[in-house]
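Data from structure-v1.cif: mmCIF, C-alpha atoms
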```cif
data_protein
#
loop_
_atom_site.label_atom_id
_atom_site.label_comp_id
_atom_site.auth_asym_id
_atom_site.auth_seq_id
_atom_site.Cartn_x
_atom_site.Cartn_y
_atom_site.Cartn_z
CA MET A 7 50.31 54.92 27.47
CA LYS A 8 49.47 56.89 24.34
CA GLY A 9 45.86 55.74 24.52
CA LYS A 10 45.65 56.77 28.18
CA TRP A 11 46.99 60.25 27.41
CA ILE A 12 44.44 60.66 24.61
CA ALA A 13 41.65 59.57 26.98
CA ALA A 14 42.97 62.06 29.57
CA LEU A 15 42.83 64.86 27.00
CA PHE A 16 39.20 64.05 26.22
CA ILE A 17 38.29 64.19 29.91
CA LEU A 18 40.12 67.49 30.42
CA PRO A 19 37.14 69.71 29.37
CA PHE A 20 34.95 67.91 31.91
CA LEU A 21 37.56 68.51 34.63
CA VAL A 22 37.75 72.21 33.73
CA PHE A 23 33.98 72.61 33.92
CA PHE A 24 33.81 70.57 37.13
CA ILE A 25 36.43 72.74 38.82
CA ALA A 26 34.98 75.99 37.48
CA PHE A 27 31.31 75.31 38.27
CA GLN A 28 31.51 72.88 41.22
CA LEU A 29 34.71 73.08 43.25
CA ALA A 30 35.52 76.78 42.81
CA PRO A 31 32.03 78.05 43.85
CA LEU A 32 31.99 75.61 46.77
CA ALA A 33 35.40 76.82 47.91
CA TRP A 34 34.32 80.47 47.60
CA ILE A 35 31.14 79.78 49.60
CA ALA A 36 33.12 77.93 52.28
CA VAL A 37 35.60 80.79 52.67
CA SER A 38 33.03 83.61 52.60
CA SER A 39 30.84 81.84 55.16
CA PHE A 40 33.43 82.63 57.83
CA TYR A 41 33.22 86.40 57.34
CA SER A 42 30.44 88.06 59.33
CA GLU A 43 28.94 91.32 58.09
CA THR A 44 27.44 91.88 61.54
CA TYR A 45 30.72 91.64 63.44
CA GLU A 46 32.88 92.74 60.47
CA ALA A 47 35.39 90.03 61.31
CA TRP A 48 36.41 86.52 60.36
CA GLY A 49 35.21 83.68 62.55
CA LEU A 50 32.20 81.52 63.37
CA GLY A 51 29.84 84.46 63.86
CA ASN A 52 27.52 83.49 60.99
CA TYR A 53 27.24 79.89 62.18
CA THR A 54 26.63 81.03 65.77
CA ASP A 55 23.86 83.38 64.63
CA ILE A 56 22.21 80.64 62.56
CA LEU A 57 22.37 77.94 65.23
CA THR A 58 21.01 80.30 67.90
CA SER A 59 18.30 81.91 65.78
CA PRO A 60 14.78 80.40 66.11
CA PHE A 61 14.01 81.75 62.62
CA TYR A 62 16.83 79.87 60.87
CA LEU A 63 16.37 76.77 63.03
CA GLN A 64 12.71 76.74 62.00
CA ALA A 65 13.78 76.92 58.33
CA MET A 66 16.08 73.94 58.80
CA ARG A 67 13.38 71.98 60.65
CA PHE A 68 10.77 72.69 57.97
CA SER A 69 13.21 71.74 55.21
CA LEU A 70 14.06 68.46 56.93
CA ASP A 71 10.42 67.62 57.69
CA ILE A 72 9.27 68.25 54.13
CA SER A 73 12.27 66.53 52.55
CA ILE A 74 12.25 63.42 54.75
CA TRP A 75 8.51 62.78 54.56
CA SER A 76 8.22 63.50 50.83
CA SER A 77 11.24 61.25 50.17
CA LEU A 78 9.71 58.42 52.22
CA TYR A 79 6.31 58.71 50.55
CA GLY A 80 7.89 59.06 47.12
CA LEU A 81 10.14 56.04 47.73
CA ILE A 82 7.26 53.83 48.85
CA ILE A 83 5.09 54.78 45.88
CA ALA A 84 8.05 54.44 43.50
CA LEU A 85 8.87 51.00 44.93
CA VAL A 86 5.34 49.73 44.37
CA GLY A 87 5.13 51.38 40.95
CA SER A 88 8.50 50.01 39.80
CA TYR A 89 7.57 46.50 40.87
CA SER A 90 4.23 46.77 39.07
CA LEU A 91 5.95 47.99 35.91
CA ARG A 92 8.42 45.11 36.13
CA GLN A 93 5.54 42.65 36.41
CA LEU A 94 3.83 44.16 33.36
CA GLY A 95 6.74 43.29 31.12
CA PRO A 96 7.26 44.76 27.62
CA THR A 97 3.73 45.96 26.88
CA LYS A 98 2.36 49.17 25.41
CA LEU A 99 1.13 50.24 28.83
CA HIS A 100 4.61 49.65 30.26
CA ASP A 101 6.23 51.75 27.51
CA PHE A 102 3.66 54.53 27.96
CA VAL A 103 4.14 54.70 31.74
CA MET A 104 7.94 54.75 31.41
CA SER A 105 7.76 57.52 28.79
CA PHE A 106 5.34 59.46 30.98
CA THR A 107 7.65 59.00 33.99
CA ASN A 108 10.63 60.33 32.01
CA MET A 109 8.60 63.35 30.98
CA THR A 110 7.19 64.15 34.44
CA SER A 111 10.60 63.77 36.12
CA ASN A 112 11.47 67.10 34.46
CA PHE A 113 8.12 68.73 35.31
CA ALA A 114 8.99 70.89 38.31
CA GLY A 115 9.52 74.50 39.27
CA VAL A 116 7.04 77.22 38.32
CA PRO A 117 4.86 75.07 35.96
CA LEU A 118 4.38 72.45 38.68
CA ALA A 119 3.46 75.08 41.27
CA PHE A 120 0.97 76.65 38.86
CA ALA A 121 -0.58 73.24 38.08
CA PHE A 122 -1.05 72.49 41.79
CA VAL A 123 -2.61 75.91 42.40
CA ILE A 124 -5.16 75.15 39.68
CA LEU A 125 -5.87 71.67 41.08
CA LEU A 126 -5.46 71.97 44.85
CA GLY A 127 -5.29 75.69 45.60
CA LEU A 128 -7.82 77.45 47.81
CA ASN A 129 -10.18 77.63 44.83
CA GLY A 130 -8.72 74.77 42.83
CA CYS A 131 -10.99 72.50 40.83
CA LEU A 132 -10.22 69.38 42.89
CA THR A 133 -10.41 71.33 46.15
CA LEU A 134 -13.88 72.68 45.36
CA LEU A 135 -15.07 69.28 44.12
CA LEU A 136 -13.89 67.43 47.23
CA ARG A 137 -15.21 70.08 49.60
CA LYS A 138 -18.60 69.77 47.94
CA TYR A 139 -18.75 66.17 49.20
CA GLY A 140 -17.37 67.01 52.62
CA LEU A 141 -13.79 65.89 51.92
CA MET A 142 -10.51 67.76 52.39
CA GLU A 143 -12.07 70.49 54.51
CA HIS A 144 -8.85 71.49 56.26
CA PHE A 145 -6.28 70.88 53.52
CA ASP A 146 -4.09 73.89 52.74
CA LEU A 147 -1.72 73.64 49.79
CA TYR A 148 0.37 76.51 51.15
CA SER A 149 1.06 74.81 54.49
CA LYS A 150 3.75 72.26 55.37
CA ASP A 151 1.38 69.35 54.66
CA GLY A 152 0.52 70.85 51.28
CA LEU A 153 4.18 71.23 50.41
CA ILE A 154 4.80 67.59 51.39
CA VAL A 155 2.10 66.56 48.88
CA LEU A 156 3.66 68.80 46.22
CA TYR A 157 7.19 67.55 46.86
CA THR A 158 6.02 63.92 46.88
CA TYR A 159 4.57 64.41 43.41
CA PHE A 160 7.89 65.37 41.82
CA GLN A 161 9.76 62.75 43.87
CA ILE A 162 7.76 59.83 42.46
CA PRO A 163 8.98 59.92 38.80
CA LEU A 164 12.61 60.25 39.89
CA GLY A 165 12.14 57.42 42.38
CA VAL A 166 10.64 55.17 39.69
CA LEU A 167 13.53 55.86 37.29
CA LEU A 168 16.04 55.02 40.03
CA MET A 169 14.27 51.96 41.47
CA TYR A 170 13.15 50.30 38.23
CA PRO A 171 16.63 49.01 37.21
CA ALA A 172 17.19 47.70 40.76
CA PHE A 173 14.65 44.94 40.21
CA ASP A 174 17.04 43.36 37.71
CA ALA A 175 18.92 42.06 40.77
CA LEU A 176 15.93 39.90 41.74
CA ARG A 177 15.91 36.56 39.93
CA GLU A 178 12.68 34.75 39.23
CA ASP A 179 14.13 31.38 40.28
CA TRP A 180 14.72 32.77 43.79
CA ARG A 181 10.99 33.39 44.20
CA GLU A 182 10.16 29.97 42.77
CA SER A 183 12.69 28.25 45.03
CA ALA A 184 11.33 30.10 48.07
CA ALA A 185 7.78 29.05 47.14
CA LEU A 186 8.85 25.41 46.76
CA LEU A 187 10.40 25.55 50.23
CA GLY A 188 7.14 26.81 51.69
CA ALA A 189 7.91 30.51 51.96
CA GLY A 190 4.97 32.84 51.45
CA ARG A 191 5.04 36.16 49.65
CA TRP A 192 5.76 38.13 52.84
CA SER A 193 8.59 35.78 53.85
CA TYR A 194 10.13 36.04 50.39
CA TRP A 195 10.18 39.85 50.48
CA ARG A 196 11.32 39.97 54.09
CA HIS A 197 14.26 37.57 53.76
CA ILE A 198 15.21 37.88 50.07
CA GLY A 199 13.57 40.74 48.18
CA ILE A 200 14.04 43.66 50.58
CA PRO A 201 17.64 42.72 51.62
CA VAL A 202 18.67 42.51 47.96
CA LEU A 203 16.99 45.84 47.17
CA PHE A 204 18.23 47.50 50.37
CA PRO A 205 21.27 49.26 48.80
CA ALA A 206 19.10 50.62 45.97
CA LEU A 207 16.45 51.74 48.46
CA LEU A 208 19.02 53.60 50.54
CA GLY A 209 20.66 55.19 47.51
CA THR A 210 17.32 56.29 46.07
CA PHE A 211 16.24 57.75 49.41
CA VAL A 212 19.45 59.81 49.68
CA ILE A 213 19.04 61.15 46.13
CA LEU A 214 15.39 62.01 46.76
CA LEU A 215 16.35 63.71 50.00
CA ALA A 216 18.99 65.81 48.24
CA ASN A 217 16.49 66.61 45.49
CA ALA A 218 13.97 67.89 48.04
CA LEU A 219 16.46 69.76 50.25
CA GLY A 220 17.71 71.76 47.27
CA ALA A 221 14.32 72.49 45.69
CA TYR A 222 13.74 76.22 45.38
CA ALA A 223 11.72 77.29 42.34
CA THR A 224 8.62 75.25 43.17
CA VAL A 225 8.24 76.37 46.78
CA TYR A 226 9.10 79.96 45.91
CA ALA A 227 6.59 80.11 43.05
CA LEU A 228 3.90 78.55 45.23
CA THR A 229 4.39 80.67 48.36
CA THR A 230 6.18 83.72 46.84
CA GLY A 231 8.98 83.16 49.33
CA ASN A 232 6.76 83.38 52.41
CA PHE A 233 7.35 79.80 53.57
CA ASN A 234 10.41 79.41 55.76
CA VAL A 235 12.71 76.79 54.22
CA VAL A 236 16.48 76.92 53.82
CA PRO A 237 16.69 77.47 49.99
CA VAL A 238 14.27 80.40 50.25
CA ARG A 239 16.29 81.91 53.11
CA ILE A 240 19.53 81.55 51.14
CA ALA A 241 17.97 83.23 48.09
CA ALA A 242 16.60 86.06 50.25
CA LEU A 243 20.02 86.71 51.78
CA VAL A 244 21.77 86.64 48.41
CA SER A 245 19.23 88.66 46.42
CA GLY A 246 18.62 91.17 49.20
CA ASP A 247 14.83 90.87 49.33
CA ILE A 248 14.96 91.38 53.11
CA SER A 249 18.59 92.22 53.86
CA LEU A 250 21.63 91.63 51.69
CA ASP A 251 24.02 89.31 53.51
CA PRO A 252 25.61 86.81 51.09
CA ASN A 253 28.06 85.64 53.75
CA MET A 254 25.21 84.52 55.98
CA GLY A 255 23.69 82.82 52.93
CA SER A 256 27.01 81.06 52.37
CA ALA A 257 26.97 79.81 55.96
CA LEU A 258 23.43 78.45 55.48
CA ALA A 259 24.53 76.76 52.26
CA MET A 260 27.53 75.17 54.00
CA LEU A 261 25.26 73.84 56.75
CA LEU A 262 23.10 72.31 54.03
CA VAL A 263 26.22 70.77 52.45
CA ALA A 264 27.33 69.46 55.86
CA LEU A 265 23.89 67.95 56.43
CA MET A 266 23.95 66.16 53.08
CA ALA A 267 27.52 64.97 53.71
CA PHE A 268 26.41 63.55 57.08
CA ILE A 269 23.45 61.76 55.48
CA THR A 270 25.74 60.38 52.75
CA LEU A 271 28.20 59.05 55.34
CA ILE A 272 25.37 57.28 57.17
CA HIS A 273 24.22 55.89 53.81
CA GLN A 274 27.69 54.53 53.07
CA TRP A 275 27.98 53.02 56.56
CA LEU A 276 24.62 51.28 56.21
CA LEU A 277 25.63 50.00 52.77
CA ARG A 278 28.85 48.50 54.11
CA LYS A 279 26.91 46.93 56.96
CA SER A 280 24.39 45.54 54.47
CA TYR A 281 27.12 44.05 52.26
CA LEU A 282 28.83 42.46 55.26
CA SER A 283 25.56 40.94 56.50
CA GLN A 284 24.82 39.57 53.02
CA ARG A 285 28.26 37.94 52.78
CA SER A 286 27.96 36.39 56.22
#
```

Using the file provided, produce a representation of the structure as structure tokens.
Amino acid sequence: MKGKWIAALFILPFLVFFIAFQLAPLAWIAVSSFYSETYEAWGLGNYTDILTSPFYLQAMRFSLDISIWSSLYGLIIALVGSYSLRQLGPTKLHDFVMSFTNMTSNFAGVPLAFAFVILLGLNGCLTLLLRKYGLMEHFDLYSKDGLIVLYTYFQIPLGVLLMYPAFDALREDWRESAALLGAGRWSYWRHIGIPVLFPALLGTFVILLANALGAYATVYALTTGNFNVVPVRIAALVSGDISLDPNMGSALAMLLVALMAFITLIHQWLLRKSYLSQRS
């Protein structure tokens, strides 16, 4: 018991910081989201205004479109890249790529936006080069498609770091046994590889989705807040760039929390279903 109390004392600072910087702000946002500055009363006025406003609904739709597609593209590229790295084994190239992935996973925000403006902006070096040869005539970095490309870039390193350890669950003798029984590469991945990796794929997708839904600095630096996504709208309501209404911003934030909670519940349900199917 003495050892447990000592361990509890060591974890106490973490609990204090967790309550002070996670639970307390979330509770304050949840409470303040029910007070409407427009109606000057407590209730669901903020949520009603958001869910009936084409402007805010467009922000939610754009955020979901960009987040879902960039997470899917990032997951696919990370899956292929992680498998390739696993096949390389302990080589210098493998170590270099992993080090580079660790470094680029933290390369986001304003520096990333500036780098993409230089490369793929209206007068970016790659844009001018490709247009010279008749390619990428209609690509616009500041559109939804351009933001999907930008988001996919910073999703890939995180996806690789999350997916790479998952390949430890695949044993080489499974592939050899499947080959001896006449299974081709596609059959092996369809019946063995993908089902084993399915929980890791789902977990990585949810983390990438959360990473994209909450991204603010990159899209703001690139579009100066002119692109309509939920984090930009929350920041505008809190900072008062258009109109100061932190309670409406709190309601938007709570809808974002509810959306992520819903996605997480679906993720957990699919995981349980996957585990049950594997056992049976």

Legend entry - Residues matched by the PyMOL selection byres ((chain A and resi 73) around 9) as a ChimeraX atom specification: /A:68-72,74-78,154,157-158,214-219

Inset, instruction - Would you translate the PyMOL selection byres ((chain A and resi 47-62) around 12) into the concrete set of residues it matches in this file, as number ranges by chain? - result: A: 36-46, 63-69, 233-240, 243, 251-262

Inset, instruction - Name the closest residue to Tyr148 of chain A among the candidates A:Leu276, A:Val244, A:Leu271, A:Val225; distances are taken between atoms, counting all atoms listed in the file. - result: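 Among A:Leu276, A:Val244, A:Leu271, A:Val225, it is A:Val225 that comes nearest to Tyr148 of chain A.
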
Legend entry - Atom-to-atom span, atom CA of Gly188 of chain A and atom CA of Leu91 of chain A, Å: 26.4 Å

Inset, instruction - Select, from A:Thr229, A:Ser90, A:Asn129, A:Gln274, the residue with the minimum atom-to-atom distance to Gly152 of chain A, counting only C-alpha atoms. - result: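 Among A:Thr229, A:Ser90, A:Asn129, A:Gln274, it is A:Thr229 that comes nearest to Gly152 of chain A.
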
Inset, instruction - Kindly indicate which residue among A:Phe113, A:Leu81, A:Arg92, A:Leu126 lies nearest to Gly209 of chain A, using only C-alpha atoms for the distances. - result: A:Leu81

Inset, instruction - Using atom CA of Ile162 of chain A and atom CA of Ala84 of chain A as the two end points, give the distance in Å to one decimal. - result: 5.5 Å

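Taking atom CA of Leu164 of chain A and atom CA of Phe268 of chain A as the two end points, the separation is 22.3 Å.
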
Go ahead and fit an axis-aligned box to every listed atom of segment 188-199 of chain A plus 6 Å each side, and pass me the centre and edge lengths in Å, one decimal, as AutoDock Vina command-line options.
```
--center_x 10.1 --center_y 33.8 --center_z 51.1 --size_x 22.2 --size_y 25.9 --size_z 17.9
```

Inset, instruction - Could you tell me which of A:Cys131, A:Ile200, A:Ala189, A:Val166 comes closest to Gly87 of chain A if we count all atoms listed in the file? - result: A:Val166

Legend entry - Residue nearest Arg278 of chain A among A:Gly165, A:Phe204, A:Thr210, A:Ala221 (counting all atoms listed in the file):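 Closest candidate: A:Phe204.
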
Legend entry - Long-range neighbours of Glu178 of chain A as JSON, numbers by chain, 12 Å cut-off, all atoms listed in the file, 5 positions minimum in chain: {"A": [92, 93, 173, 183, 184, 185, 194, 198, 199]}

Inset, instruction - List the residues selected by the PyMOL selection byres ((chain A and resi 103-110) around 8) in the file shown, writing them as an NGL selection string. - result: :A and (99-102 or 111-114 or 160 or 163-164 or 166-167)

Legend entry - Leu176 of chain A surroundings by all atoms listed in the file, 9 Å radius, close-in-sequence under 4 positions cut, as a ChimeraX atom specification: /A:172,180-181,198-199,202-203

Write the residues of the preceding selection, restricted to C-alpha atoms, as a compact mmCIF listing (two decimals), keeping the file's coordinate frame.
```txt
# COMPACT_ATOMS: atom_id res chain seq x y z
CA ALA A 172 17.19 47.70 40.76
CA TRP A 180 14.72 32.77 43.79
CA ARG A 181 10.99 33.39 44.20
CA ILE A 198 15.21 37.88 50.07
CA GLY A 199 13.57 40.74 48.18
CA VAL A 202 18.67 42.51 47.96
CA LEU A 203 16.99 45.84 47.17
```
